[in-house]
$ cat structure.cif   # mmCIF, C-alpha atoms and all ligand atoms
data_final
loop_
_atom_site.label_atom_id
_atom_site.label_comp_id
_atom_site.auth_asym_id
_atom_site.auth_seq_id
_atom_site.Cartn_x
_atom_site.Cartn_y
_atom_site.Cartn_z
CA MET A 1 0.81 -2.16 -1.44
CA ILE A 2 1.47 -1.09 -5.02
CA ARG A 3 4.14 0.65 -7.05
CA ILE A 4 4.51 4.37 -6.29
CA TYR A 5 5.41 7.12 -8.70
CA LYS A 6 7.22 10.06 -7.14
CA CYS A 7 8.14 13.43 -8.66
CA ILE A 8 11.83 13.42 -9.72
CA ASP A 9 12.65 16.91 -8.43
CA ALA A 10 13.44 17.10 -4.73
CA PRO A 11 11.51 19.72 -2.73
CA ALA A 12 13.70 22.78 -2.04
CA SER A 13 13.71 22.53 1.76
CA LEU A 14 15.78 19.33 1.62
CA ALA A 15 18.75 21.31 0.26
CA GLU A 16 18.02 24.60 2.00
CA THR A 17 17.38 23.40 5.55
CA LYS A 18 18.46 20.56 7.82
CA ALA A 19 14.93 19.17 8.01
CA TYR A 20 13.55 16.20 6.08
CA ASP A 21 9.94 16.98 6.89
CA GLY A 22 9.39 20.49 5.55
CA GLU A 23 5.92 21.49 4.40
CA ASP A 24 7.00 21.23 0.76
CA VAL A 25 8.16 17.62 1.31
CA LYS A 26 4.87 16.71 2.97
CA ARG A 27 2.87 18.44 0.25
CA GLN A 28 4.75 16.70 -2.57
CA LEU A 29 4.49 13.25 -0.99
CA LEU A 30 0.79 13.68 -0.24
CA HIS A 31 0.28 14.69 -3.85
CA ASP A 32 2.41 11.91 -5.38
CA GLN A 33 0.96 9.19 -3.14
CA HIS A 34 -2.61 10.47 -3.57
CA GLY A 35 -2.88 10.99 0.18
CA LYS A 36 -2.29 7.31 0.93
CA CYS A 37 0.19 5.53 3.18
CA TYR A 38 2.49 3.55 0.89
CA ILE A 39 2.37 0.46 3.10
CA CYS A 40 -1.30 -0.02 4.05
CA GLU A 41 -2.77 2.19 1.27
CA ARG A 42 -5.23 3.89 3.59
CA ILE A 43 -6.01 7.57 2.95
CA ARG A 44 -4.55 9.68 5.75
CA ASP A 45 -5.79 13.26 5.89
CA THR A 46 -3.86 14.31 8.97
CA ASP A 47 -2.32 11.15 10.43
CA PHE A 48 0.70 10.91 8.17
CA GLU A 49 4.43 10.91 8.76
CA ILE A 50 7.45 11.30 6.57
CA GLU A 51 9.05 7.89 6.60
CA HIS A 52 12.64 6.94 5.84
CA PHE A 53 12.56 3.95 3.53
CA GLN A 54 16.05 3.09 4.76
CA SER A 55 15.63 3.89 8.44
CA GLN A 56 17.58 6.69 10.06
CA GLU A 57 19.43 4.19 12.23
CA GLY A 58 22.62 3.37 10.37
CA HIS A 59 21.69 5.41 7.30
CA GLU A 60 22.46 8.95 8.50
CA THR A 61 23.50 10.09 5.03
CA LEU A 62 20.08 9.19 3.61
CA LYS A 63 18.18 11.31 6.11
CA GLN A 64 17.50 14.11 3.65
CA VAL A 65 17.68 12.19 0.40
CA TRP A 66 14.45 12.66 -1.54
CA THR A 67 14.36 9.13 -2.98
CA ASN A 68 14.55 7.74 0.56
CA LEU A 69 11.45 9.58 1.77
CA LEU A 70 7.90 8.28 1.58
CA MET A 71 4.66 9.08 3.33
CA ALA A 72 3.36 6.48 5.78
CA CYS A 73 0.68 6.46 8.45
CA GLY A 74 1.67 6.36 12.12
CA TYR A 75 0.30 2.83 12.47
CA CYS A 76 2.55 1.41 9.72
CA ASN A 77 5.54 3.56 10.68
CA ARG A 78 5.44 2.08 14.22
CA LYS A 79 5.39 -1.44 12.77
CA LYS A 80 8.28 -0.78 10.42
CA LEU A 81 10.71 1.34 12.50
CA HIS A 82 14.24 0.12 11.77
CA HIS A 83 13.26 -3.57 11.51
CA PHE A 84 12.58 -3.55 7.77
CA ASP A 85 15.46 -2.00 5.87
CA HIS A 86 15.45 -4.42 2.94
CA LEU A 87 11.94 -4.07 1.57
CA LEU A 88 11.04 -4.18 -2.11
CA ASN A 89 11.27 -0.55 -3.16
CA PRO A 90 7.82 0.61 -4.33
CA LEU A 91 9.51 3.31 -6.43
CA GLU A 92 11.25 0.61 -8.49
CA VAL A 93 9.23 -2.59 -8.25
CA ASN A 94 5.67 -3.40 -9.32
CA ILE A 95 4.79 -4.59 -5.82
CA GLU A 96 1.25 -5.58 -6.80
CA GLU A 97 2.64 -8.11 -9.28
CA VAL A 98 5.34 -9.54 -7.05
CA ILE A 99 3.30 -9.87 -3.85
CA GLU A 100 -0.02 -11.66 -4.03
CA GLN A 101 -2.37 -9.90 -1.61
CA ARG A 102 -5.74 -11.20 -0.45
CA LEU A 103 -8.06 -11.50 2.53
CA ASP A 104 -9.27 -14.78 3.98
CA TYR A 105 -12.71 -13.90 5.28
CA ASP A 106 -13.24 -17.15 7.21
CA GLN A 107 -9.93 -17.03 9.03
CA LYS A 108 -10.05 -13.24 9.35
CA LYS A 109 -6.53 -12.99 8.04
CA ALA A 110 -4.73 -11.26 5.24
CA LEU A 111 -2.61 -13.56 3.09
CA PHE A 112 0.51 -12.34 1.35
CA GLN A 113 2.61 -14.49 -0.89
CA SER A 114 5.71 -13.54 -2.80
CA HIS A 115 6.32 -14.75 -6.32
CA ARG A 116 10.03 -14.33 -5.68
CA ALA A 117 12.26 -15.84 -3.02
CA ASP A 118 14.71 -12.97 -2.54
CA GLU A 119 15.24 -11.30 0.83
CA ALA A 120 13.39 -8.11 -0.14
CA SER A 121 10.24 -10.00 -1.13
CA VAL A 122 10.28 -12.11 2.01
CA GLU A 123 10.74 -9.02 4.17
CA THR A 124 7.94 -7.16 2.39
CA VAL A 125 5.57 -10.07 3.01
CA ARG A 126 6.60 -10.07 6.67
CA LEU A 127 5.86 -6.35 7.08
CA LEU A 128 2.47 -6.60 5.35
CA GLN A 129 1.56 -9.55 7.57
CA ARG A 130 2.44 -7.48 10.64
CA VAL A 131 0.38 -4.53 9.44
CA PHE A 132 -2.72 -6.54 8.50
CA ASN A 133 -2.61 -9.46 10.93
CA GLY A 134 -0.90 -7.94 13.95
CA THR A 135 2.41 -8.56 15.61
CA HIS A 136 1.36 -11.37 17.96
CA ARG A 137 -1.09 -14.26 17.79
CA MET A 138 -3.87 -12.09 19.22
CA ARG A 139 -4.45 -8.74 17.56
CA THR A 140 -4.32 -5.63 19.74
CA LEU A 141 -7.35 -3.33 19.66
CA LYS A 142 -5.68 -1.08 17.07
CA GLU A 143 -4.73 -4.06 14.93
CA GLU A 144 -8.27 -5.40 15.23
CA ARG A 145 -9.75 -2.10 14.14
CA PHE A 146 -7.31 -1.87 11.27
CA PHE A 147 -8.30 -5.29 9.98
CA GLU A 148 -12.02 -4.64 10.39
CA SER A 149 -11.75 -1.44 8.35
CA ALA A 150 -9.79 -3.21 5.60
CA MET A 151 -12.32 -6.03 5.54
CA SER A 152 -15.34 -3.75 5.33
CA ALA A 153 -13.74 -1.73 2.51
CA MET A 154 -13.02 -4.93 0.61
CA ASN A 155 -16.52 -6.27 1.28
CA ARG A 156 -17.94 -3.14 -0.34
CA PHE A 157 -15.67 -3.65 -3.33
CA LEU A 158 -16.65 -7.33 -3.64
CA GLU A 159 -20.33 -6.38 -3.61
CA LEU A 160 -19.72 -4.07 -6.58
CA VAL A 161 -17.69 -6.75 -8.35
CA ASN A 162 -20.39 -9.37 -7.82
CA ALA A 163 -23.08 -6.98 -9.03
CA TYR A 164 -21.04 -6.41 -12.18
CA LEU A 165 -20.46 -10.14 -12.74
CA LEU A 166 -24.19 -10.85 -12.36
CA ASN A 167 -25.20 -7.93 -14.53
CA PRO A 168 -22.33 -6.45 -16.56
CA ASN A 169 -24.09 -3.24 -17.56
CA ALA A 170 -22.42 0.16 -17.92
CA ALA A 171 -23.44 1.43 -14.47
CA ASN A 172 -22.08 -1.64 -12.68
CA GLU A 173 -18.89 -1.50 -14.74
CA LYS A 174 -18.38 2.15 -13.81
CA ALA A 175 -18.97 1.42 -10.13
CA VAL A 176 -16.11 -1.11 -10.14
CA ARG A 177 -13.89 1.15 -12.23
CA ASP A 178 -14.38 4.07 -9.82
CA GLU A 179 -13.11 1.88 -6.98
CA LEU A 180 -9.95 1.10 -8.96
CA ALA A 181 -8.98 4.77 -9.34
CA ILE A 182 -5.44 5.62 -8.24
CA ASP A 183 -6.69 7.63 -5.25
CA LYS A 184 -8.73 4.75 -3.81
CA GLU A 185 -7.62 2.53 -0.92
CA PHE A 186 -6.35 -1.07 -0.88
CA LEU A 187 -5.46 -1.30 -4.58
CA GLY A 188 -3.01 -4.16 -3.95
CA LEU A 189 -5.87 -6.30 -2.62
CA LYS A 190 -8.21 -5.19 -5.41
CA TYR A 191 -5.55 -6.02 -8.01
CA TRP A 192 -5.64 -9.72 -7.10
CA ILE A 193 -9.44 -9.88 -7.16
CA ILE A 194 -9.35 -8.59 -10.74
CA GLN A 195 -6.31 -10.67 -11.64
CA ASN A 196 -7.84 -13.95 -10.44
CA ASN A 197 -10.99 -13.71 -12.56
CA GLU A 198 -10.81 -13.92 -16.37
CA ALA A 199 -13.95 -11.84 -17.01
CA LEU A 200 -12.81 -9.08 -14.64
CA LYS A 201 -9.30 -9.16 -16.05
CA GLN A 202 -10.58 -8.62 -19.58
CA THR A 203 -12.73 -5.64 -18.67
CA PHE A 204 -10.49 -3.93 -16.13
CA ALA A 205 -6.96 -4.70 -17.38
CA LYS A 206 -6.31 -1.03 -18.15
CA ASP A 207 -7.60 0.09 -14.77
CA ILE A 208 -5.01 -1.82 -12.76
CA ILE A 209 -1.89 -0.43 -14.42
CA TRP A 210 -1.61 2.58 -12.06
CA ASN A 211 2.03 3.63 -11.64
CA LYS A 212 3.59 0.83 -13.65
CA LYS A 213 6.03 1.69 -16.39
ZN ZN B 1 -0.25 2.67 6.75
#

$ encode --input "structure.cif" --output "structure tokens" --more "lines below"
Ligand SMILES: [Zn+2]
Amino acid sequence: MIRIYKCIDAPASLAETKAYDGEDVKRQLLHDQHGKCYICERIRDTDFEIEHFQSQEGHETLKQVWTNLLMACGYCNRKKLHHFDHLLNPLEVNIEEVIEQRLDYDQKKALFQSHRADEASVETVRLLQRVFNGTHRMRTLKEERFFESAMSAMNRFLELVNAYLLNPNAANEKAVRDELAIDKEFLGLKYWIIQNNEALKQTFAKDIIWNKK
């Protein structure tokens, strides 16, 4: 999960209709979020939903408010529902800096750690843990498949990173840089791989700024 930049101007249908999920809203969110779910950062071509950051339950007045709308995948939306109404707001907070995000390959678990102790950080960690590690001790089939796909994507990235560290030539550098582009998946996890290695940090510092101000 990383910071998101969203167009300031609200799509017209929010004022002109009673719907929050008009085609113009979907189009703008897909564009601004580079086709990725804001929670899991997977690219969703067709499986995407307009998500209320503050859930509809108890926040009726925010139903059509542009700043309250984000694009999420069905998988993450089901996990969030109305249980997470105090998350760090990715439109305002550099999530990738505040929440340390990594995969433990031996334990087959994703580890999230907040560098702050406030309620929003704790809740954001809790949601990410649910999304990546499942809701119960044993993952369901969907949760299992989610984690496997995240792990294989990150394995591919680590292979490129290791190739670059062994042989830091231009081609290997470009291969890593391409994987850090704003429209690529799992940037929050990639951020901490770069951040935790001095050599990588020096070369790729400018590539992990993304939507930060
Ligand atoms: Zn998602």

$ atom_distance --input "structure.cif" --atom1 "atom CA of Arg42 of chain A" --atom2 "atom CA of Phe157 of chain A"
14.6 Å

$ residues_near_ligand --input "structure.cif" --ligand "ligand ZN 1 (chain B)" --cutoff "9 Å" --atoms "all atoms listed in the file" --output "list of chain:residue names"
A:Lys36, A:Cys37, A:Tyr38, A:Ile39, A:Cys40, A:Glu41, A:Arg42, A:Ile43, A:Arg44, A:Phe48, A:Met71, A:Ala72, A:Cys73, A:Gly74, A:Tyr75, A:Cys76, A:Asn77, A:Val131

$ closest_residue --input "structure.cif" --among "A:Val161, A:Phe112, A:Lys184, A:Glu119" --to "Glu97 of chain A" --atoms "only C-alpha atoms"
A:Phe112

$ atom_distance --input "structure.cif" --atom1 "atom CA of Tyr20 of chain A" --atom2 "atom CA of Ile50 of chain A"
7.8 Å

$ closest_residue --input "structure.cif" --among "A:Asn94, A:Thr17, A:Asn172, A:Asn196" --to "Gln64 of chain A" --atoms "all atoms listed in the file"
A:Thr17

$ residues_around --input "structure.cif" --residues "Lys26 of chain A" --least-positions-apart "3" --cutoff "9 Å" --atoms "only C-alpha atoms" --output "PyMOL selection string"
chain A and resi 21-23+29-31+48-50+71

$ write_last_selection --input "structure.cif" --atoms "C-alpha atoms" --output "short mmCIF file (atom, residue, chain, number, x, y, z; two decimals), keeping the file's coordinate frame"
data_model
loop_
_atom_site.label_atom_id
_atom_site.label_comp_id
_atom_site.auth_asym_id
_atom_site.auth_seq_id
_atom_site.Cartn_x
_atom_site.Cartn_y
_atom_site.Cartn_z
CA ASP A 21 9.94 16.98 6.89
CA GLY A 22 9.39 20.49 5.55
CA GLU A 23 5.92 21.49 4.40
CA LEU A 29 4.49 13.25 -0.99
CA LEU A 30 0.79 13.68 -0.24
CA HIS A 31 0.28 14.69 -3.85
CA PHE A 48 0.70 10.91 8.17
CA GLU A 49 4.43 10.91 8.76
CA ILE A 50 7.45 11.30 6.57
CA MET A 71 4.66 9.08 3.33
#

$ residues_around --input "structure.cif" --residues "Ile8 of chain A" --least-positions-apart "6" --cutoff "12 Å" --atoms "all atoms listed in the file" --output "count of residues only"
7

$ closest_residue --input "structure.cif" --among "A:Lys63, A:Leu70, A:Glu143, A:Ala153" --to "Lys18 of chain A" --atoms "only C-alpha atoms"
A:Lys63

$ residues_around --input "structure.cif" --residues "Phe53 of chain A" --least-positions-apart "2" --cutoff "8 Å" --atoms "only C-alpha atoms" --output "list in words"
Glu51, Ser55, Asn68, Leu69, Leu70 and Asp85 of chain A

$ residues_around --input "structure.cif" --residues "Val176 of chain A" --least-positions-apart "6" --cutoff "10 Å" --atoms "all atoms listed in the file" --output "PyMOL selection string"
chain A and resi 157-164+200+204+207

$ atom_distance --input "structure.cif" --atom1 "atom CA of Ile99 of chain A" --atom2 "atom CA of Met1 of chain A"
8.5 Å

$ axis_aligned_box --input "structure.cif" --around "segment 59-70 of chain A" --padding-each-side "6 Å" --output "lines of an AutoDock Vina configuration file"
center_x = 15.7
center_y = 9.8
center_z = 2.8
size_x = 27.6
size_y = 20.7
size_z = 23.5

$ closest_residue --input "structure.cif" --among "A:Val93, A:Asn133, A:Leu141, A:Ala171" --to "Ile2 of chain A" --atoms "only C-alpha atoms"
A:Val93

$ closest_residue --input "structure.cif" --among "A:Leu165, A:Ala120, A:Val125, A:Ile95" --to "Arg3 of chain A" --atoms "all atoms listed in the file"
A:Ile95

$ closest_residue --input "structure.cif" --among "A:Lys79, A:Asp47, A:Gln202, A:Ser13" --to "His136 of chain A" --atoms "only C-alpha atoms"
A:Lys79

$ closest_atom_pairs --input "structure.cif" --of "segment 103-122 of chain A" --to "segment 147-151 of chain A" --cutoff "9 Å" --atoms "only C-alpha atoms" --output "Markdown table"
| residue | atom | partner | partner_atom | distance |
| --- | --- | --- | --- | --- |
| A:Leu103 | CA | A:Met151 | CA | 7.6 |
| A:Tyr105 | CA | A:Met151 | CA | 7.9 |
| A:Lys108 | CA | A:Phe147 | CA | 8.2 |
| A:Lys109 | CA | A:Phe147 | CA | 8.1 |
| A:Ala110 | CA | A:Phe147 | CA | 8.4 |
